[in-house]
>>> print(open('start-v1.cif').read())   # mmCIF, N, CA, C and O atoms and all ligand atoms
data_input
#
loop_
_atom_site.group_PDB
_atom_site.id
_atom_site.type_symbol
_atom_site.label_atom_id
_atom_site.label_comp_id
_atom_site.auth_asym_id
_atom_site.auth_seq_id
_atom_site.Cartn_x
_atom_site.Cartn_y
_atom_site.Cartn_z
ATOM 1 N N MET A 1 98.899 93.419 84.328
ATOM 2 C CA MET A 1 98.317 92.346 85.158
ATOM 3 C C MET A 1 99.192 92.124 86.392
ATOM 4 O O MET A 1 100.412 92.097 86.270
ATOM 5 N N PRO A 2 98.532 92.000 87.502
ATOM 6 C CA PRO A 2 99.300 91.871 88.752
ATOM 7 C C PRO A 2 99.858 90.465 88.950
ATOM 8 O O PRO A 2 99.154 89.476 88.813
ATOM 9 N N ILE A 3 101.117 90.427 89.245
ATOM 10 C CA ILE A 3 101.718 89.157 89.595
ATOM 11 C C ILE A 3 102.006 89.166 91.090
ATOM 12 O O ILE A 3 102.693 90.049 91.583
ATOM 13 N N TYR A 4 101.427 88.214 91.786
ATOM 14 C CA TYR A 4 101.648 88.150 93.218
ATOM 15 C C TYR A 4 102.527 86.952 93.557
ATOM 16 O O TYR A 4 102.553 85.962 92.819
ATOM 17 N N GLU A 5 103.172 87.094 94.679
ATOM 18 C CA GLU A 5 103.997 85.987 95.143
ATOM 19 C C GLU A 5 103.248 85.247 96.240
ATOM 20 O O GLU A 5 102.687 85.856 97.137
ATOM 21 N N TYR A 6 103.239 83.958 96.135
ATOM 22 C CA TYR A 6 102.539 83.136 97.111
ATOM 23 C C TYR A 6 103.498 82.180 97.798
ATOM 24 O O TYR A 6 104.528 81.817 97.258
ATOM 25 N N HIS A 7 103.085 81.797 98.984
ATOM 26 C CA HIS A 7 103.866 80.816 99.738
ATOM 27 C C HIS A 7 102.969 79.637 100.059
ATOM 28 O O HIS A 7 101.868 79.799 100.576
ATOM 29 N N CYS A 8 103.439 78.465 99.736
ATOM 30 C CA CYS A 8 102.648 77.271 100.023
ATOM 31 C C CYS A 8 102.908 76.816 101.453
ATOM 32 O O CYS A 8 104.049 76.610 101.860
ATOM 33 N N ASP A 9 101.798 76.664 102.189
ATOM 34 C CA ASP A 9 101.907 76.264 103.588
ATOM 35 C C ASP A 9 102.229 74.781 103.722
ATOM 36 O O ASP A 9 102.702 74.324 104.745
ATOM 37 N N LYS A 10 101.943 74.052 102.683
ATOM 38 C CA LYS A 10 102.077 72.605 102.774
ATOM 39 C C LYS A 10 103.490 72.130 102.451
ATOM 40 O O LYS A 10 104.114 71.435 103.239
ATOM 41 N N CYS A 11 103.986 72.536 101.300
ATOM 42 C CA CYS A 11 105.318 72.067 100.917
ATOM 43 C C CYS A 11 106.378 73.149 101.077
ATOM 44 O O CYS A 11 107.568 72.877 100.985
ATOM 45 N N GLY A 12 105.925 74.383 101.310
ATOM 46 C CA GLY A 12 106.866 75.426 101.702
ATOM 47 C C GLY A 12 107.538 76.182 100.577
ATOM 48 O O GLY A 12 108.439 76.975 100.817
ATOM 49 N N ILE A 13 107.093 75.966 99.364
ATOM 50 C CA ILE A 13 107.737 76.693 98.275
ATOM 51 C C ILE A 13 107.094 78.069 98.086
ATOM 52 O O ILE A 13 105.965 78.304 98.505
ATOM 53 N N ASP A 14 107.824 78.938 97.465
ATOM 54 C CA ASP A 14 107.275 80.221 97.051
ATOM 55 C C ASP A 14 107.122 80.204 95.538
ATOM 56 O O ASP A 14 107.959 79.659 94.838
ATOM 57 N N PHE A 15 106.043 80.799 95.080
ATOM 58 C CA PHE A 15 105.861 80.853 93.637
ATOM 59 C C PHE A 15 105.116 82.125 93.272
ATOM 60 O O PHE A 15 104.432 82.735 94.080
ATOM 61 N N GLU A 16 105.279 82.505 92.023
ATOM 62 C CA GLU A 16 104.592 83.691 91.534
ATOM 63 C C GLU A 16 103.394 83.271 90.719
ATOM 64 O O GLU A 16 103.414 82.246 90.044
ATOM 65 N N TYR A 17 102.338 84.084 90.814
ATOM 66 C CA TYR A 17 101.115 83.726 90.130
ATOM 67 C C TYR A 17 100.442 84.966 89.571
ATOM 68 O O TYR A 17 100.335 85.990 90.238
ATOM 69 N N LEU A 18 100.012 84.842 88.359
ATOM 70 C CA LEU A 18 99.307 85.933 87.709
ATOM 71 C C LEU A 18 97.844 85.877 88.127
ATOM 72 O O LEU A 18 97.134 84.916 87.826
ATOM 73 N N VAL A 19 97.383 86.899 88.831
ATOM 74 C CA VAL A 19 96.057 86.852 89.429
ATOM 75 C C VAL A 19 95.042 87.608 88.589
ATOM 76 O O VAL A 19 95.255 88.754 88.213
ATOM 77 N N PHE A 20 93.943 86.962 88.329
ATOM 78 C CA PHE A 20 92.822 87.623 87.681
ATOM 79 C C PHE A 20 91.675 87.724 88.680
ATOM 80 O O PHE A 20 91.157 86.708 89.139
ATOM 81 N N GLY A 21 91.295 88.934 89.011
ATOM 82 C CA GLY A 21 90.204 89.103 89.965
ATOM 83 C C GLY A 21 90.570 88.553 91.319
ATOM 84 O O GLY A 21 91.628 88.858 91.856
ATOM 85 N N LYS A 22 89.673 87.748 91.855
ATOM 86 C CA LYS A 22 89.912 87.208 93.190
ATOM 87 C C LYS A 22 90.326 85.739 93.142
ATOM 88 O O LYS A 22 90.173 85.006 94.106
ATOM 89 N N GLU A 23 90.777 85.356 92.009
ATOM 90 C CA GLU A 23 91.217 83.981 91.849
ATOM 91 C C GLU A 23 92.361 83.662 92.796
ATOM 92 O O GLU A 23 93.240 84.480 93.034
ATOM 93 N N LYS A 24 92.317 82.470 93.334
ATOM 94 C CA LYS A 24 93.391 82.055 94.217
ATOM 95 C C LYS A 24 94.033 80.793 93.659
ATOM 96 O O LYS A 24 93.335 79.858 93.287
ATOM 97 N N PRO A 25 95.320 80.811 93.571
ATOM 98 C CA PRO A 25 96.009 79.690 92.919
ATOM 99 C C PRO A 25 96.178 78.480 93.824
ATOM 100 O O PRO A 25 96.130 78.584 95.046
ATOM 101 N N ASN A 26 96.354 77.383 93.182
ATOM 102 C CA ASN A 26 96.812 76.199 93.898
ATOM 103 C C ASN A 26 98.325 76.158 93.804
ATOM 104 O O ASN A 26 98.922 76.738 92.918
ATOM 105 N N CYS A 27 98.921 75.441 94.714
ATOM 106 C CA CYS A 27 100.359 75.282 94.660
ATOM 107 C C CYS A 27 100.741 74.486 93.415
ATOM 108 O O CYS A 27 100.167 73.436 93.149
ATOM 109 N N PRO A 28 101.677 74.995 92.635
ATOM 110 C CA PRO A 28 102.087 74.298 91.416
ATOM 111 C C PRO A 28 102.867 73.031 91.707
ATOM 112 O O PRO A 28 103.062 72.195 90.826
ATOM 113 N N SER A 29 103.299 72.890 92.931
ATOM 114 C CA SER A 29 104.107 71.734 93.278
ATOM 115 C C SER A 29 103.269 70.600 93.872
ATOM 116 O O SER A 29 103.340 69.460 93.434
ATOM 117 N N CYS A 30 102.447 70.938 94.865
ATOM 118 C CA CYS A 30 101.681 69.887 95.544
ATOM 119 C C CYS A 30 100.185 70.068 95.348
ATOM 120 O O CYS A 30 99.397 69.296 95.876
ATOM 121 N N ASN A 31 99.799 71.101 94.613
ATOM 122 C CA ASN A 31 98.400 71.354 94.297
ATOM 123 C C ASN A 31 97.553 71.681 95.523
ATOM 124 O O ASN A 31 96.336 71.577 95.496
ATOM 125 N N SER A 32 98.203 72.074 96.593
ATOM 126 C CA SER A 32 97.472 72.436 97.802
ATOM 127 C C SER A 32 96.838 73.808 97.647
ATOM 128 O O SER A 32 97.327 74.660 96.918
ATOM 129 N N LYS A 33 95.718 74.004 98.329
ATOM 130 C CA LYS A 33 95.107 75.331 98.326
ATOM 131 C C LYS A 33 95.523 76.152 99.537
ATOM 132 O O LYS A 33 95.077 77.267 99.726
ATOM 133 N N LYS A 34 96.348 75.564 100.355
ATOM 134 C CA LYS A 34 96.818 76.291 101.528
ATOM 135 C C LYS A 34 98.004 77.174 101.163
ATOM 136 O O LYS A 34 99.135 76.937 101.557
ATOM 137 N N VAL A 35 97.701 78.177 100.377
ATOM 138 C CA VAL A 35 98.747 79.107 99.989
ATOM 139 C C VAL A 35 98.397 80.477 100.540
ATOM 140 O O VAL A 35 97.229 80.796 100.744
ATOM 141 N N CYS A 36 99.403 81.267 100.820
ATOM 142 C CA CYS A 36 99.136 82.619 101.298
ATOM 143 C C CYS A 36 99.890 83.627 100.448
ATOM 144 O O CYS A 36 100.980 83.363 99.953
ATOM 145 N N LYS A 37 99.236 84.748 100.265
ATOM 146 C CA LYS A 37 99.824 85.784 99.435
ATOM 147 C C LYS A 37 100.874 86.560 100.211
ATOM 148 O O LYS A 37 100.665 86.930 101.354
ATOM 149 N N LEU A 38 101.977 86.786 99.576
ATOM 150 C CA LEU A 38 103.017 87.587 100.195
ATOM 151 C C LEU A 38 102.885 89.017 99.686
ATOM 152 O O LEU A 38 102.977 89.266 98.495
ATOM 153 N N MET A 39 102.636 89.935 100.606
ATOM 154 C CA MET A 39 102.417 91.307 100.184
ATOM 155 C C MET A 39 103.449 92.249 100.783
ATOM 156 O O MET A 39 103.624 92.314 101.982
ATOM 157 N N SER A 40 104.078 92.989 99.922
ATOM 158 C CA SER A 40 104.995 94.043 100.358
ATOM 159 C C SER A 40 106.047 93.537 101.333
ATOM 160 O O SER A 40 106.489 94.260 102.201
ATOM 161 N N VAL A 41 106.400 92.310 101.197
ATOM 162 C CA VAL A 41 107.485 91.780 102.003
ATOM 163 C C VAL A 41 108.670 91.526 101.093
ATOM 164 O O VAL A 41 108.522 91.453 99.887
ATOM 165 N N CYS A 42 109.812 91.410 101.668
ATOM 166 C CA CYS A 42 111.018 91.118 100.915
ATOM 167 C C CYS A 42 111.308 92.184 99.872
ATOM 168 O O CYS A 42 112.050 91.953 98.934
ATOM 169 N N GLY A 43 110.724 93.356 100.003
ATOM 170 C CA GLY A 43 110.953 94.392 99.018
ATOM 171 C C GLY A 43 110.259 94.125 97.709
ATOM 172 O O GLY A 43 110.527 94.771 96.711
ATOM 173 N N PHE A 44 109.360 93.189 97.715
ATOM 174 C CA PHE A 44 108.625 92.870 96.499
ATOM 175 C C PHE A 44 107.429 93.802 96.381
ATOM 176 O O PHE A 44 106.325 93.482 96.727
ATOM 177 N N VAL A 45 107.681 94.998 95.905
ATOM 178 C CA VAL A 45 106.618 95.988 95.801
ATOM 179 C C VAL A 45 106.576 96.543 94.391
ATOM 180 O O VAL A 45 107.570 97.056 93.877
ATOM 181 N N SER A 46 105.447 96.425 93.794
ATOM 182 C CA SER A 46 105.290 96.978 92.466
ATOM 183 C C SER A 46 104.771 98.405 92.570
ATOM 184 O O SER A 46 103.738 98.654 93.147
ATOM 185 N N LYS A 47 105.490 99.340 92.031
ATOM 186 C CA LYS A 47 105.116 100.732 92.184
ATOM 187 C C LYS A 47 104.371 101.248 90.965
ATOM 188 O O LYS A 47 104.940 101.852 90.073
ATOM 189 N N GLY A 48 103.096 100.968 90.961
ATOM 190 C CA GLY A 48 102.254 101.547 89.930
ATOM 191 C C GLY A 48 102.405 100.935 88.560
ATOM 192 O O GLY A 48 101.959 101.500 87.583
ATOM 193 N N GLY A 49 102.989 99.801 88.490
ATOM 194 C CA GLY A 49 103.070 99.115 87.214
ATOM 195 C C GLY A 49 103.925 99.846 86.208
ATOM 196 O O GLY A 49 103.457 100.328 85.182
ATOM 197 N N SER A 50 105.179 99.957 86.481
ATOM 198 C CA SER A 50 106.074 100.642 85.558
ATOM 199 C C SER A 50 106.464 99.750 84.390
ATOM 200 O O SER A 50 107.166 100.160 83.493
ATOM 201 N N GLY A 51 105.994 98.535 84.438
ATOM 202 C CA GLY A 51 106.329 97.618 83.372
ATOM 203 C C GLY A 51 107.541 96.779 83.690
ATOM 204 O O GLY A 51 107.945 95.923 82.911
ATOM 205 N N GLU A 52 108.092 97.034 84.830
ATOM 206 C CA GLU A 52 109.263 96.259 85.218
ATOM 207 C C GLU A 52 108.865 94.840 85.593
ATOM 208 O O GLU A 52 107.912 94.630 86.340
ATOM 209 N N THR A 53 109.551 93.908 85.076
ATOM 210 C CA THR A 53 109.205 92.521 85.337
ATOM 211 C C THR A 53 110.106 91.935 86.420
ATOM 212 O O THR A 53 111.321 92.015 86.330
ATOM 213 N N VAL A 54 109.473 91.375 87.399
ATOM 214 C CA VAL A 54 110.239 90.711 88.446
ATOM 215 C C VAL A 54 110.411 89.254 88.055
ATOM 216 O O VAL A 54 109.474 88.483 88.056
ATOM 217 N N SER A 55 111.596 88.933 87.681
ATOM 218 C CA SER A 55 111.814 87.585 87.184
ATOM 219 C C SER A 55 112.770 86.786 88.057
ATOM 220 O O SER A 55 113.118 85.667 87.739
ATOM 221 N N SER A 56 113.176 87.406 89.138
ATOM 222 C CA SER A 56 114.093 86.684 90.014
ATOM 223 C C SER A 56 113.396 85.493 90.642
ATOM 224 O O SER A 56 112.219 85.548 90.961
ATOM 225 N N SER A 57 114.085 84.451 90.787
ATOM 226 C CA SER A 57 113.497 83.258 91.362
ATOM 227 C C SER A 57 113.198 83.479 92.835
ATOM 228 O O SER A 57 113.830 84.276 93.503
ATOM 229 N N ALA A 58 112.213 82.751 93.312
ATOM 230 C CA ALA A 58 111.804 82.914 94.695
ATOM 231 C C ALA A 58 112.948 82.567 95.642
ATOM 232 O O ALA A 58 113.667 81.598 95.440
ATOM 233 N N GLY A 59 113.068 83.388 96.637
ATOM 234 C CA GLY A 59 114.063 83.092 97.650
ATOM 235 C C GLY A 59 115.389 83.770 97.423
ATOM 236 O O GLY A 59 116.283 83.642 98.240
ATOM 237 N N SER A 60 115.523 84.482 96.341
ATOM 238 C CA SER A 60 116.801 85.099 96.053
ATOM 239 C C SER A 60 117.168 86.166 97.079
ATOM 240 O O SER A 60 118.285 86.243 97.530
ATOM 241 N N SER A 61 116.167 86.965 97.455
ATOM 242 C CA SER A 61 116.447 88.027 98.405
ATOM 243 C C SER A 61 115.575 87.924 99.645
ATOM 244 O O SER A 61 115.614 88.754 100.509
ATOM 245 N N CYS A 62 114.770 86.888 99.675
ATOM 246 C CA CYS A 62 113.822 86.760 100.773
ATOM 247 C C CYS A 62 114.231 85.656 101.717
ATOM 248 O O CYS A 62 114.371 84.507 101.322
ATOM 249 N N GLY A 63 114.431 86.007 102.944
ATOM 250 C CA GLY A 63 114.734 84.978 103.915
ATOM 251 C C GLY A 63 113.584 84.762 104.859
ATOM 252 O O GLY A 63 113.314 83.660 105.289
ATOM 253 N N GLY A 64 112.856 85.839 105.161
ATOM 254 C CA GLY A 64 111.800 85.790 106.167
ATOM 255 C C GLY A 64 110.628 84.930 105.788
ATOM 256 O O GLY A 64 110.000 84.307 106.628
ATOM 257 N N CYS A 65 110.337 84.882 104.492
ATOM 258 C CA CYS A 65 109.139 84.185 104.071
ATOM 259 C C CYS A 65 109.337 82.686 103.967
ATOM 260 O O CYS A 65 108.435 81.950 103.659
ATOM 261 N N ALA A 66 110.515 82.237 104.200
ATOM 262 C CA ALA A 66 110.764 80.806 104.168
ATOM 263 C C ALA A 66 110.475 80.175 105.525
ATOM 264 O O ALA A 66 110.708 79.000 105.735
ATOM 265 N N ALA A 67 109.958 80.986 106.414
ATOM 266 C CA ALA A 67 109.653 80.490 107.746
ATOM 267 C C ALA A 67 108.508 79.493 107.722
ATOM 268 O O ALA A 67 107.815 79.363 106.725
ATOM 269 N N THR A 68 108.332 78.829 108.822
ATOM 270 C CA THR A 68 107.300 77.789 108.867
ATOM 271 C C THR A 68 105.910 78.356 108.801
ATOM 272 O O THR A 68 104.990 77.714 108.347
ATOM 273 N N SER A 69 105.742 79.590 109.267
ATOM 274 C CA SER A 69 104.425 80.196 109.155
ATOM 275 C C SER A 69 104.564 81.583 108.569
ATOM 276 O O SER A 69 105.560 82.266 108.794
ATOM 277 N N CYS A 70 103.565 81.974 107.822
ATOM 278 C CA CYS A 70 103.616 83.254 107.158
ATOM 279 C C CYS A 70 102.754 84.266 107.897
ATOM 280 O O CYS A 70 101.589 84.056 108.118
ATOM 281 N N ALA A 71 103.339 85.348 108.316
ATOM 282 C CA ALA A 71 102.627 86.333 109.116
ATOM 283 C C ALA A 71 101.545 87.043 108.334
ATOM 284 O O ALA A 71 100.579 87.530 108.898
ATOM 285 N N THR A 72 101.694 87.091 107.023
ATOM 286 C CA THR A 72 100.709 87.787 106.221
ATOM 287 C C THR A 72 99.548 86.877 105.845
ATOM 288 O O THR A 72 98.617 87.301 105.208
ATOM 289 N N CYS A 73 99.656 85.655 106.263
ATOM 290 C CA CYS A 73 98.623 84.689 105.891
ATOM 291 C C CYS A 73 97.539 84.656 106.947
ATOM 292 O O CYS A 73 97.808 84.411 108.111
ATOM 293 N N GLY A 74 96.303 84.901 106.560
ATOM 294 C CA GLY A 74 95.219 84.924 107.534
ATOM 295 C C GLY A 74 94.628 83.574 107.817
ATOM 296 O O GLY A 74 93.626 83.448 108.488
ATOM 297 N N GLN A 75 95.257 82.545 107.296
ATOM 298 C CA GLN A 75 94.674 81.213 107.461
ATOM 299 C C GLN A 75 95.468 80.394 108.464
ATOM 300 O O GLN A 75 96.645 80.261 108.316
HETATM 301 ZN ZN ZN B 101 102.846 73.167 97.925
#
>>> encode(input="start-v1.cif", output="structure tokens")
Amino acid sequence: MPIYEYHCDKCGIDFEYLVFGKEKPNCPSCNSKKVCKLMSVCGFVSKGGSGETVSSSAGSSCGGCAATSCATCGQ
């Protein structure tokens, strides 16, 4: 199952979410729907599902996505 990383536009946190189909998560912190998916940034790339679990907390190696706006976000 794909786990994607999302960035909340409202409160600014990053969180991981297990996605089923085209479901889009709400922010777990402020419940906002203004979240954007972070794709292939910060080296967060899953290569074919090797079973490796990414359990590092958000922000450990990512500096760019903490910006005020997310470039990968189409909203
Ligand atoms: Zn939020």
>>> residues_near_ligand(input="start-v1.cif", ligand="ligand ZN 101 (chain B)", cutoff="12 Å", atoms="only C-alpha atoms and all ligand atoms", output="mmCIF file with N, CA, C and O atoms, in the coordinates of the input")
data_model
loop_
_atom_site.group_PDB
_atom_site.id
_atom_site.type_symbol
_atom_site.label_atom_id
_atom_site.label_comp_id
_atom_site.auth_asym_id
_atom_site.auth_seq_id
_atom_site.Cartn_x
_atom_site.Cartn_y
_atom_site.Cartn_z
ATOM 1 N N TYR A 6 103.239 83.958 96.135
ATOM 2 C CA TYR A 6 102.539 83.136 97.111
ATOM 3 C C TYR A 6 103.498 82.180 97.798
ATOM 4 O O TYR A 6 104.528 81.817 97.258
ATOM 5 N N HIS A 7 103.085 81.797 98.984
ATOM 6 C CA HIS A 7 103.866 80.816 99.738
ATOM 7 C C HIS A 7 102.969 79.637 100.059
ATOM 8 O O HIS A 7 101.868 79.799 100.576
ATOM 9 N N CYS A 8 103.439 78.465 99.736
ATOM 10 C CA CYS A 8 102.648 77.271 100.023
ATOM 11 C C CYS A 8 102.908 76.816 101.453
ATOM 12 O O CYS A 8 104.049 76.610 101.860
ATOM 13 N N ASP A 9 101.798 76.664 102.189
ATOM 14 C CA ASP A 9 101.907 76.264 103.588
ATOM 15 C C ASP A 9 102.229 74.781 103.722
ATOM 16 O O ASP A 9 102.702 74.324 104.745
ATOM 17 N N LYS A 10 101.943 74.052 102.683
ATOM 18 C CA LYS A 10 102.077 72.605 102.774
ATOM 19 C C LYS A 10 103.490 72.130 102.451
ATOM 20 O O LYS A 10 104.114 71.435 103.239
ATOM 21 N N CYS A 11 103.986 72.536 101.300
ATOM 22 C CA CYS A 11 105.318 72.067 100.917
ATOM 23 C C CYS A 11 106.378 73.149 101.077
ATOM 24 O O CYS A 11 107.568 72.877 100.985
ATOM 25 N N GLY A 12 105.925 74.383 101.310
ATOM 26 C CA GLY A 12 106.866 75.426 101.702
ATOM 27 C C GLY A 12 107.538 76.182 100.577
ATOM 28 O O GLY A 12 108.439 76.975 100.817
ATOM 29 N N ILE A 13 107.093 75.966 99.364
ATOM 30 C CA ILE A 13 107.737 76.693 98.275
ATOM 31 C C ILE A 13 107.094 78.069 98.086
ATOM 32 O O ILE A 13 105.965 78.304 98.505
ATOM 33 N N ASP A 14 107.824 78.938 97.465
ATOM 34 C CA ASP A 14 107.275 80.221 97.051
ATOM 35 C C ASP A 14 107.122 80.204 95.538
ATOM 36 O O ASP A 14 107.959 79.659 94.838
ATOM 37 N N PHE A 15 106.043 80.799 95.080
ATOM 38 C CA PHE A 15 105.861 80.853 93.637
ATOM 39 C C PHE A 15 105.116 82.125 93.272
ATOM 40 O O PHE A 15 104.432 82.735 94.080
ATOM 41 N N PRO A 25 95.320 80.811 93.571
ATOM 42 C CA PRO A 25 96.009 79.690 92.919
ATOM 43 C C PRO A 25 96.178 78.480 93.824
ATOM 44 O O PRO A 25 96.130 78.584 95.046
ATOM 45 N N ASN A 26 96.354 77.383 93.182
ATOM 46 C CA ASN A 26 96.812 76.199 93.898
ATOM 47 C C ASN A 26 98.325 76.158 93.804
ATOM 48 O O ASN A 26 98.922 76.738 92.918
ATOM 49 N N CYS A 27 98.921 75.441 94.714
ATOM 50 C CA CYS A 27 100.359 75.282 94.660
ATOM 51 C C CYS A 27 100.741 74.486 93.415
ATOM 52 O O CYS A 27 100.167 73.436 93.149
ATOM 53 N N PRO A 28 101.677 74.995 92.635
ATOM 54 C CA PRO A 28 102.087 74.298 91.416
ATOM 55 C C PRO A 28 102.867 73.031 91.707
ATOM 56 O O PRO A 28 103.062 72.195 90.826
ATOM 57 N N SER A 29 103.299 72.890 92.931
ATOM 58 C CA SER A 29 104.107 71.734 93.278
ATOM 59 C C SER A 29 103.269 70.600 93.872
ATOM 60 O O SER A 29 103.340 69.460 93.434
ATOM 61 N N CYS A 30 102.447 70.938 94.865
ATOM 62 C CA CYS A 30 101.681 69.887 95.544
ATOM 63 C C CYS A 30 100.185 70.068 95.348
ATOM 64 O O CYS A 30 99.397 69.296 95.876
ATOM 65 N N ASN A 31 99.799 71.101 94.613
ATOM 66 C CA ASN A 31 98.400 71.354 94.297
ATOM 67 C C ASN A 31 97.553 71.681 95.523
ATOM 68 O O ASN A 31 96.336 71.577 95.496
ATOM 69 N N SER A 32 98.203 72.074 96.593
ATOM 70 C CA SER A 32 97.472 72.436 97.802
ATOM 71 C C SER A 32 96.838 73.808 97.647
ATOM 72 O O SER A 32 97.327 74.660 96.918
ATOM 73 N N LYS A 33 95.718 74.004 98.329
ATOM 74 C CA LYS A 33 95.107 75.331 98.326
ATOM 75 C C LYS A 33 95.523 76.152 99.537
ATOM 76 O O LYS A 33 95.077 77.267 99.726
ATOM 77 N N LYS A 34 96.348 75.564 100.355
ATOM 78 C CA LYS A 34 96.818 76.291 101.528
ATOM 79 C C LYS A 34 98.004 77.174 101.163
ATOM 80 O O LYS A 34 99.135 76.937 101.557
ATOM 81 N N VAL A 35 97.701 78.177 100.377
ATOM 82 C CA VAL A 35 98.747 79.107 99.989
ATOM 83 C C VAL A 35 98.397 80.477 100.540
ATOM 84 O O VAL A 35 97.229 80.796 100.744
ATOM 85 N N CYS A 36 99.403 81.267 100.820
ATOM 86 C CA CYS A 36 99.136 82.619 101.298
ATOM 87 C C CYS A 36 99.890 83.627 100.448
ATOM 88 O O CYS A 36 100.980 83.363 99.953
#
>>> residues_around(input="start-v1.cif", residues="Tyr4 (chain A)", least_positions_apart="3", cutoff="6 Å", atoms="all atoms listed in the file", output="PyMOL selection string")
chain A and resi 15-19+38
>>> atom_distance(input="start-v1.cif", atom1="atom C of Gly21 (chain A)", atom2="CA of Met1 (chain A)")
10.6 Å
>>> atom_distance(input="start-v1.cif", atom1="atom C of Met39 (chain A)", atom2="atom N of Lys22 (chain A)")
17.0 Å
>>> atom_distance(input="start-v1.cif", atom1="atom O of Glu23 (chain A)", atom2="CA of Lys37 (chain A)")
9.3 Å
